Structure formats: C-alpha cells, structure tokens
Amino acid sequence: MPFSSPPYMNDVLPYPPSGNTWLHTGRWRWVEERFRQVCRRYGYREIRTPILELTDLFVRSVGEGTDIVSKEMFNLVDRGGRRLTLKPEGTAPVVRAIIEHEMLAAHPLLKLYYIGQNFRNERGQKGRYRQHQQLGVEAFGSADPALDAEVIELAVRFYREIGITDQQLQINSVGCPQCRPAYREELKQYVKPTLSEMCGDCKSRYEVNPLRMLDCKAPHDVEILSGAPKLLDWLCEDCGEHFRSLRRHLEVMSVPHQIAPQLVRGFDYYTKTAFEITSGGLGSQNALGGGGRYDGLVEDCGGPAAPGIGFGLGMERCLIAMDSLGIEFETEDEAPAVFLVALGESAKSAAVGLLTKIRGAGISADMDYVGKSLKAQMRLAGKLGARLVLLIGENELKEGVVSFRNMMTSQQETVPQSEVIQRIQSWAME
Ligand code: AMP
C-alpha cells in the first residue's frame, strides 16, 4: 500500500475494522453528544480554538522542563518565519483566547468546554496515540474549592452516564509557589543518595522538574519514591484548607475518592488541586482523564490575575474502556429511511427526480449508482438498512405510480406519484 496514516494516528470510520469497533464515527458522536449535554447542564459553553498556536504559548504555560515541551511537540515554521505548534493540550489555547478576547471583563466567572484534537510525538501503544482527542472544561475567575468540586463531579457524572461504572477518582494537592519550593528541596534531599540508581529520565527530572519523579513508572524508582516525603504534609495553610474544603464538598456530593499523595500531572501550571480518573479496563494506560487548578496561568500568559480549574478527558481511552466493559449503546441510525430502485433508463430519470423531492422533504433517501439488476439494487437496500423500498419500473411509469415495499414486514402497495411524500410520512408513523 503506497500510504498509510501517520504512525499512531487513527482513522475513525463509519465501517470500522473488526477488532477496532471503537473507531466508529457513530460511537464518537454518541460520546461527544453525552459530554455536550452534561456540560450544558452545568452551565459550560463551547469554545473552539485553532489547531495551531504559537510555540511560545506552550513553552510559557506547559513549561520548558516538561516531557511535552522538551520532546513531544509537533513544531513547524510558517512562511512568515513564525514558530507554530500543533496543540499538545487544550488549556493553554483556551487561556490565550480568553485573554485575547477579554472575556473575563464581561464574564468574571467564565465556564467553557471544548472537544479538540491534541498532538504529542509520544512512544505509541494501545491507548497512547500521537493524535488524540480530549473532552475538556475550563472554569475561570474563582478560587473557591466548591468550583473544583463542581468540575470534578462533572467528569465523574459524565463517565457514570456513559456507563463506565468502574471509574476511580484520585485527588491530590500540588501546592502553590509559596509552599512547593520547600517541598521540592525536601524531595531532592530524599532522592539524592539513591539518584544514581534511578532511571535516566528521573536523573534529568531531578534537575529540571523534581516533582515529576513522583510520576515515574520504572519499578525501582517507584520503590525508592514510595518512602518519599508527601506533598500534602508540606502544604501552606491556604493550600491545606483548600484541599480539606474540596474533600468536604466531594463528600456532600457523594463523590467517592482516594487521596493519591504522589499524583502530579505533566504540566508545570498546576496549583493546589490535581486529580485523575482511572478505569480498570484500560490496562497500563489506565488514566481516563485528569485535570487540576491553575491559579497563576492566566496571569503568566499575559492576562489579568484570574484563577482557573479544568480537566481533559481522553476520548480514545473512554471508548476503549467502554469496549472492554462491554457497554452496549445505540448509535445514531444512519440507514436511509427510503431506498429507490429504478428499472430501465426512463425509470432512472424519474427516480432521480423523486429522490431529490424526498430528500427535499427532509426524509433520508438513497439509490444505487452501481448495480443494474433488481436483485443487486435490492441487495444494496438491505445492506444499507433501508426501511422502505420504492420501486419504479416501466409499468409504474406508465401508470404514474410507485411500488412501496416495507422491508420490515414485506408488505407491498402501489401509491400514486403525487402522494409519495405523504405516504412515506404516514408509513414512518405506523
Ligand atoms: P493530559 O492532557 O496529559 O493531562 O491527559 C488527559 C487525558 O488525555 C489522559 O488521562 C488520557 O486519557 C488522555 N491522553 C493524554 N495523552 C494521550 C495520548 N497520547 N493518547 C491518548 N490519550 C491521551
């Protein structure tokens, strides 16, 4: 085959290959629609941003020492010499947009959601792709832990409503610029004597981003870090109270959660709350989604001082988890209501006219442009799942009628051409 899709980038198809049923456009739309419904119910409005941003936006916000910025971005230079990057995550572009459009001036509490593609040049595997889609929300303008609880509960409800019943919520606090530096030093002190035994990544994280060592999956490093001092013990009064308050709200909302003292996320901008939701059905890439608070990000990107909190949920992981949990769902019926079968050249011409009329009346309809025989056309009607077949042959043409065949009941009747639309509509009611 001369071409295939770029490595670890998926095609989502109306007829997905067996074994990859989750790559079905109908399923994607179903999940997206559930997400939109939940977001609307919680007062979040949709935002769409370009697929590219200036590279510096991600360097500034996500952070130079992160894996994403240091090794995973798809960068390009445009003809004007601008450095651009395919967006690796959804929050920074939203922050850029709300600053650019001064949205906080008119909406001091701003609640947004998005569905968008992210690009990261990662080592691919099942559940980890170089292009993935995230369903995200971002809420700006309040530092109230009740808003953290709302955002978290929204994600939990979404998963519950699409049937992911084995979800587990982990929460942590990553502190703030007041309390984090002291913890960072403490962690470095703890790790220093065993640093030479740790993986190459952790050796460089030790220098540039020590907190990310807590996230390391290398077994020996995990063992070393299991005894590390806990961030939660180093929080300042403000961060400590924020975390306690968040937990009280989650309890009031009956949202079960576990404290994960080593949960840190892959971006530098997080402050205070960090959370992740996992599912057992996902194997090693078990994170369905995650997020956290980013109280300094808007200001760091050149906007007003405005706190924020949000999350990104992985679409592919969501569908893979639904698959492995055996969740059945009705995707939108894309079968045509009506299929037209024409026998002979003049009948074909009449059928084309009728097809246009039926579609114009808002009814989905199709016909065959390949097969000539009655049998071939009927076979296609069946394959497409049409409920009603309309047949026009020489006899029907002469008599000014159309033969109807209900594919469900095999019932047949003859309908005058002028009454076809009306009759289709009344069949749909039956
Ligand atoms: P992050 O933006 O890294 O916080 O990730 C949020 C969620 O997006 C993760 O929990 C995953 O579900 C999903 N995700 C992140 N990176 C990938 C990837 N490379 N492939 C598929 N899903 C991903």
# chains A, B, ... in the order shown; residues from 1 in each chain; ligands from 1
$ residues_around --residues "Glu299 of chain A" --least-positions-apart "4" --cutoff "12 Å" --atoms "only C-alpha atoms" --output "PDB file with C-alpha atoms, in the first residue's frame"
ATOM      1  CA  ARG A  60       5.474  29.546  28.641  1.00  0.00           C
ATOM      2  CA  SER A  61       2.434  27.714  30.025  1.00  0.00           C
ATOM      3  CA  ALA A  92      -3.246  26.979  27.115  1.00  0.00           C
ATOM      4  CA  VAL A  95      -6.358  30.745  28.170  1.00  0.00           C
ATOM      5  CA  ARG A  96      -4.833  32.556  25.185  1.00  0.00           C
ATOM      6  CA  ILE A  98      -9.992  34.374  26.752  1.00  0.00           C
ATOM      7  CA  ILE A  99      -7.191  36.894  27.255  1.00  0.00           C
ATOM      8  CA  PHE A 140     -12.058  30.793  35.275  1.00  0.00           C
ATOM      9  CA  GLY A 141     -12.483  33.537  37.839  1.00  0.00           C
ATOM     10  CA  TYR A 269       0.967  25.243  35.569  1.00  0.00           C
ATOM     11  CA  TYR A 294      -4.007  26.568  37.607  1.00  0.00           C
ATOM     12  CA  ASP A 295      -4.301  29.805  39.548  1.00  0.00           C
ATOM     13  CA  GLY A 303      -3.861  38.251  31.227  1.00  0.00           C
ATOM     14  CA  PRO A 304      -5.444  39.526  34.415  1.00  0.00           C
ATOM     15  CA  ALA A 305      -4.919  37.694  37.704  1.00  0.00           C
ATOM     16  CA  ALA A 306      -7.639  35.066  37.426  1.00  0.00           C
ATOM     17  CA  PRO A 307      -7.664  31.616  38.977  1.00  0.00           C
ATOM     18  CA  GLY A 308      -8.820  28.634  36.956  1.00  0.00           C
TER      19      GLY A 308
END
$ residues_around --residues "Gly362 of chain A" --least-positions-apart "2" --cutoff "12 Å" --atoms "only C-alpha atoms" --output "compact mmCIF listing (two decimals) with N, CA, C and O atoms, in the first residue's frame"
# COMPACT_ATOMS: atom_id res chain seq x y z
N PRO A 336 -30.66 4.86 5.51
CA PRO A 336 -31.67 5.70 4.87
C PRO A 336 -33.07 5.17 5.17
O PRO A 336 -33.27 3.96 5.24
N ALA A 337 -34.03 6.07 5.34
CA ALA A 337 -35.40 5.63 5.56
C ALA A 337 -35.94 4.98 4.29
O ALA A 337 -36.67 4.00 4.33
N VAL A 338 -35.52 5.56 3.16
CA VAL A 338 -36.09 5.14 1.89
C VAL A 338 -34.99 4.79 0.90
O VAL A 338 -33.96 5.47 0.85
N LEU A 355 -36.13 11.09 -5.90
CA LEU A 355 -35.14 11.07 -4.82
C LEU A 355 -34.89 12.49 -4.29
O LEU A 355 -34.88 12.74 -3.09
N THR A 356 -34.74 13.43 -5.23
CA THR A 356 -34.48 14.82 -4.84
C THR A 356 -35.67 15.38 -4.07
O THR A 356 -35.49 16.10 -3.07
N LYS A 357 -36.87 15.03 -4.51
CA LYS A 357 -38.08 15.52 -3.85
C LYS A 357 -38.18 14.96 -2.41
O LYS A 357 -38.50 15.69 -1.47
N ILE A 358 -37.89 13.69 -2.29
CA ILE A 358 -37.98 13.04 -0.96
C ILE A 358 -36.97 13.67 0.00
O ILE A 358 -37.29 14.02 1.13
N ARG A 359 -35.75 13.82 -0.50
CA ARG A 359 -34.71 14.44 0.35
C ARG A 359 -35.09 15.86 0.70
O ARG A 359 -34.87 16.33 1.82
N GLY A 360 -35.65 16.57 -0.28
CA GLY A 360 -36.08 17.96 -0.04
C GLY A 360 -37.15 18.04 1.02
O GLY A 360 -37.30 19.06 1.70
N SER A 364 -34.53 10.96 4.77
CA SER A 364 -33.26 10.43 4.25
C SER A 364 -33.57 9.37 3.19
O SER A 364 -34.43 8.50 3.40
N ALA A 365 -32.89 9.48 2.08
CA ALA A 365 -33.18 8.57 0.97
C ALA A 365 -31.93 8.36 0.13
O ALA A 365 -31.04 9.20 0.11
N ILE A 421 -44.73 11.42 -1.06
CA ILE A 421 -44.15 12.01 0.16
C ILE A 421 -45.09 11.78 1.34
O ILE A 421 -44.66 11.31 2.41
N ILE A 424 -44.99 8.20 2.48
CA ILE A 424 -43.76 7.85 3.23
C ILE A 424 -43.91 8.35 4.66
O ILE A 424 -43.61 7.66 5.63
N GLN A 425 -44.42 9.60 4.77
CA GLN A 425 -44.56 10.17 6.11
C GLN A 425 -45.53 9.35 6.96
O GLN A 425 -45.28 9.11 8.14
$ residues_near_ligand --ligand "ligand 1" --cutoff "10 Å" --atoms "only C-alpha atoms and all ligand atoms" --output "PyMOL selection string"
chain A and resi 8-9+68+72+88-91+118-136+264-267+274-278+282+285-292+311-318
$ residues_around --residues "Val94 of chain A" --least-positions-apart "3" --cutoff "10 Å" --atoms "only C-alpha atoms" --output "list in words"
Ile47, Arg48, Thr49, Pro50, Glu89, Gly90, Thr91, Ala97, Ile98, Ile99, Glu100, Leu112, Tyr113, Tyr114, Val137, Glu138 and Val298 of chain A
$ write_last_selection --atoms "C-alpha atoms" --output "PDB file, in the first residue's frame"
ATOM      1  CA  ILE A  47     -15.198  27.217  22.766  1.00  0.00           C
ATOM      2  CA  ARG A  48     -13.225  26.233  19.646  1.00  0.00           C
ATOM      3  CA  THR A  49      -9.653  27.340  19.108  1.00  0.00           C
ATOM      4  CA  PRO A  50      -7.299  26.785  16.138  1.00  0.00           C
ATOM      5  CA  GLU A  89      -3.099  20.162  25.090  1.00  0.00           C
ATOM      6  CA  GLY A  90      -6.270  22.191  25.356  1.00  0.00           C
ATOM      7  CA  THR A  91      -5.912  24.538  28.319  1.00  0.00           C
ATOM      8  CA  ALA A  97      -8.292  33.014  23.642  1.00  0.00           C
ATOM      9  CA  ILE A  98      -9.992  34.374  26.752  1.00  0.00           C
ATOM     10  CA  ILE A  99      -7.191  36.894  27.255  1.00  0.00           C
ATOM     11  CA  GLU A 100      -7.212  37.934  23.603  1.00  0.00           C
ATOM     12  CA  LEU A 112     -16.135  26.805  28.959  1.00  0.00           C
ATOM     13  CA  TYR A 113     -15.934  23.375  27.384  1.00  0.00           C
ATOM     14  CA  TYR A 114     -14.264  22.048  24.261  1.00  0.00           C
ATOM     15  CA  VAL A 137     -13.733  22.004  30.552  1.00  0.00           C
ATOM     16  CA  GLU A 138     -12.089  25.130  31.950  1.00  0.00           C
ATOM     17  CA  VAL A 298      -3.866  33.404  33.044  1.00  0.00           C
TER      18      VAL A 298
END
$ atom_distance --atom1 "atom CA of Arg244 of chain A" --atom2 "atom CA of Gln168 of chain A"
19.3 Å
$ residues_around --residues "Arg157 of chain A" --least-positions-apart "3" --cutoff "12 Å" --atoms "only C-alpha atoms" --output "list in words"
Arg34, Phe35, Gln37, Val38, Cys39, Arg41, Tyr42, Ala149, Glu150, Val151, Ile152, Glu153, Leu154, Arg160, Glu161, Ile162, Gly163, Ile164, Thr165, Gln167, Leu169, Met253, Ser254, Val255, Pro256 and Ile277 of chain A
$ select_by_dssp --residues "segment 143-294 of chain A" --states "strand (DSSP E)" --output "list in words"
Gln168, Leu169, Gln170, Ile171, Asn172, Ser173, Gln258, Ile259, Thr271, Lys272, Thr273, Ala274, Phe275, Glu276, Ile277, Thr278, Ala287, Leu288, Gly289, Gly290, Gly291, Gly292 and Arg293 of chain A
$ write_last_selection --atoms "N, CA, C and O atoms" --output "compact mmCIF listing (two decimals), in the first residue's frame"
# COMPACT_ATOMS: atom_id res chain seq x y z
N GLN A 168 -12.37 5.27 39.03
CA GLN A 168 -11.81 5.59 40.34
C GLN A 168 -11.23 6.99 40.28
O GLN A 168 -10.48 7.30 39.36
N LEU A 169 -11.57 7.78 41.27
CA LEU A 169 -11.09 9.17 41.31
C LEU A 169 -9.98 9.30 42.34
O LEU A 169 -10.15 8.90 43.49
N GLN A 170 -8.85 9.85 41.89
CA GLN A 170 -7.74 10.14 42.82
C GLN A 170 -7.53 11.65 42.87
O GLN A 170 -7.55 12.30 41.83
N ILE A 171 -7.36 12.15 44.08
CA ILE A 171 -7.10 13.59 44.19
C ILE A 171 -5.84 13.84 45.02
O ILE A 171 -5.43 13.03 45.84
N ASN A 172 -5.26 14.99 44.75
CA ASN A 172 -4.07 15.40 45.50
C ASN A 172 -4.01 16.93 45.45
O ASN A 172 -4.80 17.57 44.73
N SER A 173 -3.09 17.49 46.21
CA SER A 173 -2.80 18.91 46.05
C SER A 173 -1.33 19.04 45.72
O SER A 173 -0.49 18.39 46.36
N GLN A 258 -10.13 8.80 46.33
CA GLN A 258 -8.98 8.38 47.13
C GLN A 258 -7.96 9.49 47.09
O GLN A 258 -7.84 10.18 46.06
N ILE A 259 -7.21 9.62 48.19
CA ILE A 259 -6.12 10.59 48.16
C ILE A 259 -4.90 9.89 47.58
O ILE A 259 -4.57 8.77 47.97
N THR A 271 -1.64 24.20 40.25
CA THR A 271 -1.50 24.64 41.64
C THR A 271 -2.63 23.98 42.42
O THR A 271 -3.69 23.70 41.87
N LYS A 272 -2.40 23.76 43.69
CA LYS A 272 -3.42 23.15 44.56
C LYS A 272 -3.98 21.84 43.97
O LYS A 272 -3.22 20.92 43.72
N THR A 273 -5.28 21.81 43.66
CA THR A 273 -5.94 20.56 43.28
C THR A 273 -5.36 19.91 42.01
O THR A 273 -5.20 20.57 40.99
N ALA A 274 -5.06 18.61 42.12
CA ALA A 274 -4.75 17.80 40.93
C ALA A 274 -5.58 16.54 41.06
O ALA A 274 -5.75 16.01 42.16
N PHE A 275 -6.14 16.07 39.95
CA PHE A 275 -6.95 14.85 40.05
C PHE A 275 -6.84 14.01 38.78
O PHE A 275 -6.46 14.50 37.72
N GLU A 276 -7.16 12.75 38.94
CA GLU A 276 -7.11 11.83 37.82
C GLU A 276 -8.22 10.80 38.00
O GLU A 276 -8.55 10.43 39.13
N ILE A 277 -8.79 10.35 36.90
CA ILE A 277 -9.81 9.31 36.96
C ILE A 277 -9.29 8.13 36.15
O ILE A 277 -8.85 8.30 35.01
N THR A 278 -9.33 6.95 36.76
CA THR A 278 -8.80 5.77 36.08
C THR A 278 -9.90 4.72 35.91
O THR A 278 -10.93 4.79 36.57
N ALA A 287 -5.31 5.88 32.73
CA ALA A 287 -5.93 7.17 33.05
C ALA A 287 -6.97 7.54 31.99
O ALA A 287 -6.66 7.67 30.81
N LEU A 288 -8.20 7.66 32.44
CA LEU A 288 -9.27 8.11 31.54
C LEU A 288 -9.13 9.61 31.29
O LEU A 288 -9.39 10.11 30.20
N GLY A 289 -8.79 10.31 32.36
CA GLY A 289 -8.69 11.77 32.23
C GLY A 289 -8.19 12.37 33.52
O GLY A 289 -8.08 11.69 34.54
N GLY A 290 -7.87 13.64 33.44
CA GLY A 290 -7.39 14.29 34.65
C GLY A 290 -7.36 15.79 34.48
O GLY A 290 -7.59 16.31 33.38
N GLY A 291 -7.10 16.46 35.57
CA GLY A 291 -7.05 17.91 35.49
C GLY A 291 -6.59 18.51 36.79
O GLY A 291 -6.03 17.82 37.64
N GLY A 292 -6.85 19.77 36.94
CA GLY A 292 -6.44 20.43 38.17
C GLY A 292 -6.62 21.93 38.08
O GLY A 292 -7.11 22.47 37.08
N ARG A 293 -6.18 22.58 39.16
CA ARG A 293 -6.30 24.03 39.27
C ARG A 293 -5.02 24.68 38.74
O ARG A 293 -3.94 24.10 38.83
$ closest_residue --among "A:Phe58, A:Trp427, A:Trp234, A:Phe339" --to "Phe74 of chain A" --atoms "only C-alpha atoms"
A:Phe58
$ residues_around --residues "Lys188 of chain A" --least-positions-apart "5" --cutoff "9 Å" --atoms "only C-alpha atoms" --output "PyMOL selection string"
chain A and resi 183+206-207+210
$ residues_around --residues "Glu330 of chain A" --least-positions-apart "3" --cutoff "10 Å" --atoms "only C-alpha atoms" --output "count of residues only"
4
$ residues_around --residues "Gly227 of chain A" --least-positions-apart "3" --cutoff "10 Å" --atoms "only C-alpha atoms" --output "CSV table (one decimal) with C-alpha atoms, in the first residue's frame"
chain,number,residue,atom,x,y,z
A,190,TYR,CA,15.4,12.4,50.0
A,191,VAL,CA,16.3,11.2,46.5
A,222,VAL,CA,8.7,3.6,42.3
A,223,GLU,CA,10.2,1.6,45.1
A,224,ILE,CA,12.6,4.4,46.1
A,230,LYS,CA,4.4,13.7,51.0
$ atom_distance --atom1 "atom CA of Thr414 of chain A" --atom2 "atom CA of Tyr369 of chain A"
24.0 Å
$ closest_residue --among "A:Pro261, A:Gly310, A:Gly283, A:Pro14" --to "Ala228 of chain A" --atoms "only C-alpha atoms"
A:Pro261
$ decode --residues "segment 88-101 of chain A" --atoms "all heavy atoms" --output "PDB file, in the first residue's frame"
ATOM      1  N   PRO A  88      -0.623  20.541  21.774  1.00  0.00           N
ATOM      2  CA  PRO A  88      -0.427  19.292  22.509  1.00  0.00           C
ATOM      3  C   PRO A  88      -1.415  19.144  23.659  1.00  0.00           C
ATOM      4  O   PRO A  88      -1.532  18.072  24.249  1.00  0.00           O
ATOM      5  CB  PRO A  88       0.996  19.432  23.057  1.00  0.00           C
ATOM      6  CG  PRO A  88       1.203  20.912  23.223  1.00  0.00           C
ATOM      7  CD  PRO A  88       0.363  21.574  22.161  1.00  0.00           C
ATOM      8  N   GLU A  89      -2.123  20.209  23.990  1.00  0.00           N
ATOM      9  CA  GLU A  89      -3.099  20.162  25.090  1.00  0.00           C
ATOM     10  C   GLU A  89      -4.088  21.313  24.909  1.00  0.00           C
ATOM     11  O   GLU A  89      -3.850  22.223  24.111  1.00  0.00           O
ATOM     12  CB  GLU A  89      -2.373  20.229  26.444  1.00  0.00           C
ATOM     13  CG  GLU A  89      -1.591  21.503  26.696  1.00  0.00           C
ATOM     14  CD  GLU A  89      -2.362  22.506  27.522  1.00  0.00           C
ATOM     15  OE1 GLU A  89      -2.926  22.132  28.545  1.00  0.00           O
ATOM     16  OE2 GLU A  89      -2.408  23.695  27.116  1.00  0.00           O
ATOM     17  N   GLY A  90      -5.183  21.265  25.644  1.00  0.00           N
ATOM     18  CA  GLY A  90      -6.270  22.191  25.356  1.00  0.00           C
ATOM     19  C   GLY A  90      -6.355  23.435  26.220  1.00  0.00           C
ATOM     20  O   GLY A  90      -7.021  24.406  25.855  1.00  0.00           O
ATOM     21  N   THR A  91      -5.692  23.430  27.379  1.00  0.00           N
ATOM     22  CA  THR A  91      -5.912  24.538  28.319  1.00  0.00           C
ATOM     23  C   THR A  91      -5.246  25.838  27.862  1.00  0.00           C
ATOM     24  O   THR A  91      -5.896  26.896  27.860  1.00  0.00           O
ATOM     25  CB  THR A  91      -5.391  24.143  29.724  1.00  0.00           C
ATOM     26  OG1 THR A  91      -6.049  22.934  30.110  1.00  0.00           O
ATOM     27  CG2 THR A  91      -5.679  25.219  30.748  1.00  0.00           C
ATOM     28  N   ALA A  92      -3.954  25.750  27.481  1.00  0.00           N
ATOM     29  CA  ALA A  92      -3.246  26.979  27.115  1.00  0.00           C
ATOM     30  C   ALA A  92      -3.940  27.728  25.964  1.00  0.00           C
ATOM     31  O   ALA A  92      -4.088  28.956  26.035  1.00  0.00           O
ATOM     32  CB  ALA A  92      -1.786  26.665  26.784  1.00  0.00           C
ATOM     33  N   PRO A  93      -4.401  27.037  24.913  1.00  0.00           N
ATOM     34  CA  PRO A  93      -5.108  27.763  23.852  1.00  0.00           C
ATOM     35  C   PRO A  93      -6.366  28.471  24.354  1.00  0.00           C
ATOM     36  O   PRO A  93      -6.677  29.586  23.916  1.00  0.00           O
ATOM     37  CB  PRO A  93      -5.465  26.659  22.846  1.00  0.00           C
ATOM     38  CG  PRO A  93      -4.436  25.609  23.061  1.00  0.00           C
ATOM     39  CD  PRO A  93      -4.149  25.630  24.527  1.00  0.00           C
ATOM     40  N   VAL A  94      -7.087  27.840  25.275  1.00  0.00           N
ATOM     41  CA  VAL A  94      -8.296  28.481  25.814  1.00  0.00           C
ATOM     42  C   VAL A  94      -7.893  29.720  26.611  1.00  0.00           C
ATOM     43  O   VAL A  94      -8.511  30.787  26.494  1.00  0.00           O
ATOM     44  CB  VAL A  94      -9.101  27.484  26.694  1.00  0.00           C
ATOM     45  CG1 VAL A  94     -10.234  28.197  27.415  1.00  0.00           C
ATOM     46  CG2 VAL A  94      -9.649  26.343  25.840  1.00  0.00           C
ATOM     47  N   VAL A  95      -6.833  29.599  27.391  1.00  0.00           N
ATOM     48  CA  VAL A  95      -6.358  30.745  28.170  1.00  0.00           C
ATOM     49  C   VAL A  95      -5.955  31.880  27.224  1.00  0.00           C
ATOM     50  O   VAL A  95      -6.330  33.043  27.418  1.00  0.00           O
ATOM     51  CB  VAL A  95      -5.171  30.323  29.076  1.00  0.00           C
ATOM     52  CG1 VAL A  95      -4.453  31.526  29.648  1.00  0.00           C
ATOM     53  CG2 VAL A  95      -5.671  29.412  30.192  1.00  0.00           C
ATOM     54  N   ARG A  96      -5.230  31.542  26.180  1.00  0.00           N
ATOM     55  CA  ARG A  96      -4.833  32.556  25.185  1.00  0.00           C
ATOM     56  C   ARG A  96      -6.067  33.242  24.606  1.00  0.00           C
ATOM     57  O   ARG A  96      -6.139  34.465  24.495  1.00  0.00           O
ATOM     58  CB  ARG A  96      -4.006  31.868  24.099  1.00  0.00           C
ATOM     59  CG  ARG A  96      -3.233  32.758  23.166  1.00  0.00           C
ATOM     60  CD  ARG A  96      -3.971  33.107  21.890  1.00  0.00           C
ATOM     61  NE  ARG A  96      -4.528  31.963  21.200  1.00  0.00           N
ATOM     62  CZ  ARG A  96      -5.733  31.960  20.640  1.00  0.00           C
ATOM     63  NH1 ARG A  96      -6.524  33.016  20.678  1.00  0.00           N
ATOM     64  NH2 ARG A  96      -6.190  30.867  20.024  1.00  0.00           N
ATOM     65  N   ALA A  97      -7.088  32.454  24.272  1.00  0.00           N
ATOM     66  CA  ALA A  97      -8.292  33.014  23.642  1.00  0.00           C
ATOM     67  C   ALA A  97      -9.066  33.926  24.602  1.00  0.00           C
ATOM     68  O   ALA A  97      -9.528  34.999  24.201  1.00  0.00           O
ATOM     69  CB  ALA A  97      -9.193  31.892  23.133  1.00  0.00           C
ATOM     70  N   ILE A  98      -9.189  33.529  25.844  1.00  0.00           N
ATOM     71  CA  ILE A  98      -9.992  34.374  26.752  1.00  0.00           C
ATOM     72  C   ILE A  98      -9.274  35.686  27.063  1.00  0.00           C
ATOM     73  O   ILE A  98      -9.913  36.705  27.286  1.00  0.00           O
ATOM     74  CB  ILE A  98     -10.415  33.643  28.054  1.00  0.00           C
ATOM     75  CG1 ILE A  98      -9.228  33.360  28.961  1.00  0.00           C
ATOM     76  CG2 ILE A  98     -11.200  32.374  27.769  1.00  0.00           C
ATOM     77  CD1 ILE A  98      -9.644  33.068  30.395  1.00  0.00           C
ATOM     78  N   ILE A  99      -7.943  35.646  27.043  1.00  0.00           N
ATOM     79  CA  ILE A  99      -7.191  36.894  27.255  1.00  0.00           C
ATOM     80  C   ILE A  99      -7.349  37.776  26.017  1.00  0.00           C
ATOM     81  O   ILE A  99      -7.694  38.952  26.101  1.00  0.00           O
ATOM     82  CB  ILE A  99      -5.689  36.605  27.516  1.00  0.00           C
ATOM     83  CG1 ILE A  99      -5.511  35.792  28.790  1.00  0.00           C
ATOM     84  CG2 ILE A  99      -4.901  37.913  27.583  1.00  0.00           C
ATOM     85  CD1 ILE A  99      -4.102  35.249  29.006  1.00  0.00           C
ATOM     86  N   GLU A 100      -7.143  37.181  24.851  1.00  0.00           N
ATOM     87  CA  GLU A 100      -7.212  37.934  23.603  1.00  0.00           C
ATOM     88  C   GLU A 100      -8.577  38.607  23.424  1.00  0.00           C
ATOM     89  O   GLU A 100      -8.669  39.732  22.953  1.00  0.00           O
ATOM     90  CB  GLU A 100      -6.920  36.986  22.431  1.00  0.00           C
ATOM     91  CG  GLU A 100      -6.861  37.690  21.100  1.00  0.00           C
ATOM     92  CD  GLU A 100      -6.368  36.754  19.987  1.00  0.00           C
ATOM     93  OE1 GLU A 100      -5.710  35.732  20.276  1.00  0.00           O
ATOM     94  OE2 GLU A 100      -6.660  37.072  18.821  1.00  0.00           O
ATOM     95  N   HIS A 101      -9.628  37.923  23.809  1.00  0.00           N
ATOM     96  CA  HIS A 101     -10.981  38.460  23.602  1.00  0.00           C
ATOM     97  C   HIS A 101     -11.547  39.115  24.864  1.00  0.00           C
ATOM     98  O   HIS A 101     -12.754  39.381  24.926  1.00  0.00           O
ATOM     99  CB  HIS A 101     -11.895  37.357  23.082  1.00  0.00           C
ATOM    100  CG  HIS A 101     -11.380  36.740  21.821  1.00  0.00           C
ATOM    101  ND1 HIS A 101     -11.358  37.420  20.621  1.00  0.00           N
ATOM    102  CD2 HIS A 101     -10.785  35.544  21.582  1.00  0.00           C
ATOM    103  CE1 HIS A 101     -10.794  36.649  19.693  1.00  0.00           C
ATOM    104  NE2 HIS A 101     -10.430  35.515  20.256  1.00  0.00           N
TER     105      HIS A 101
END
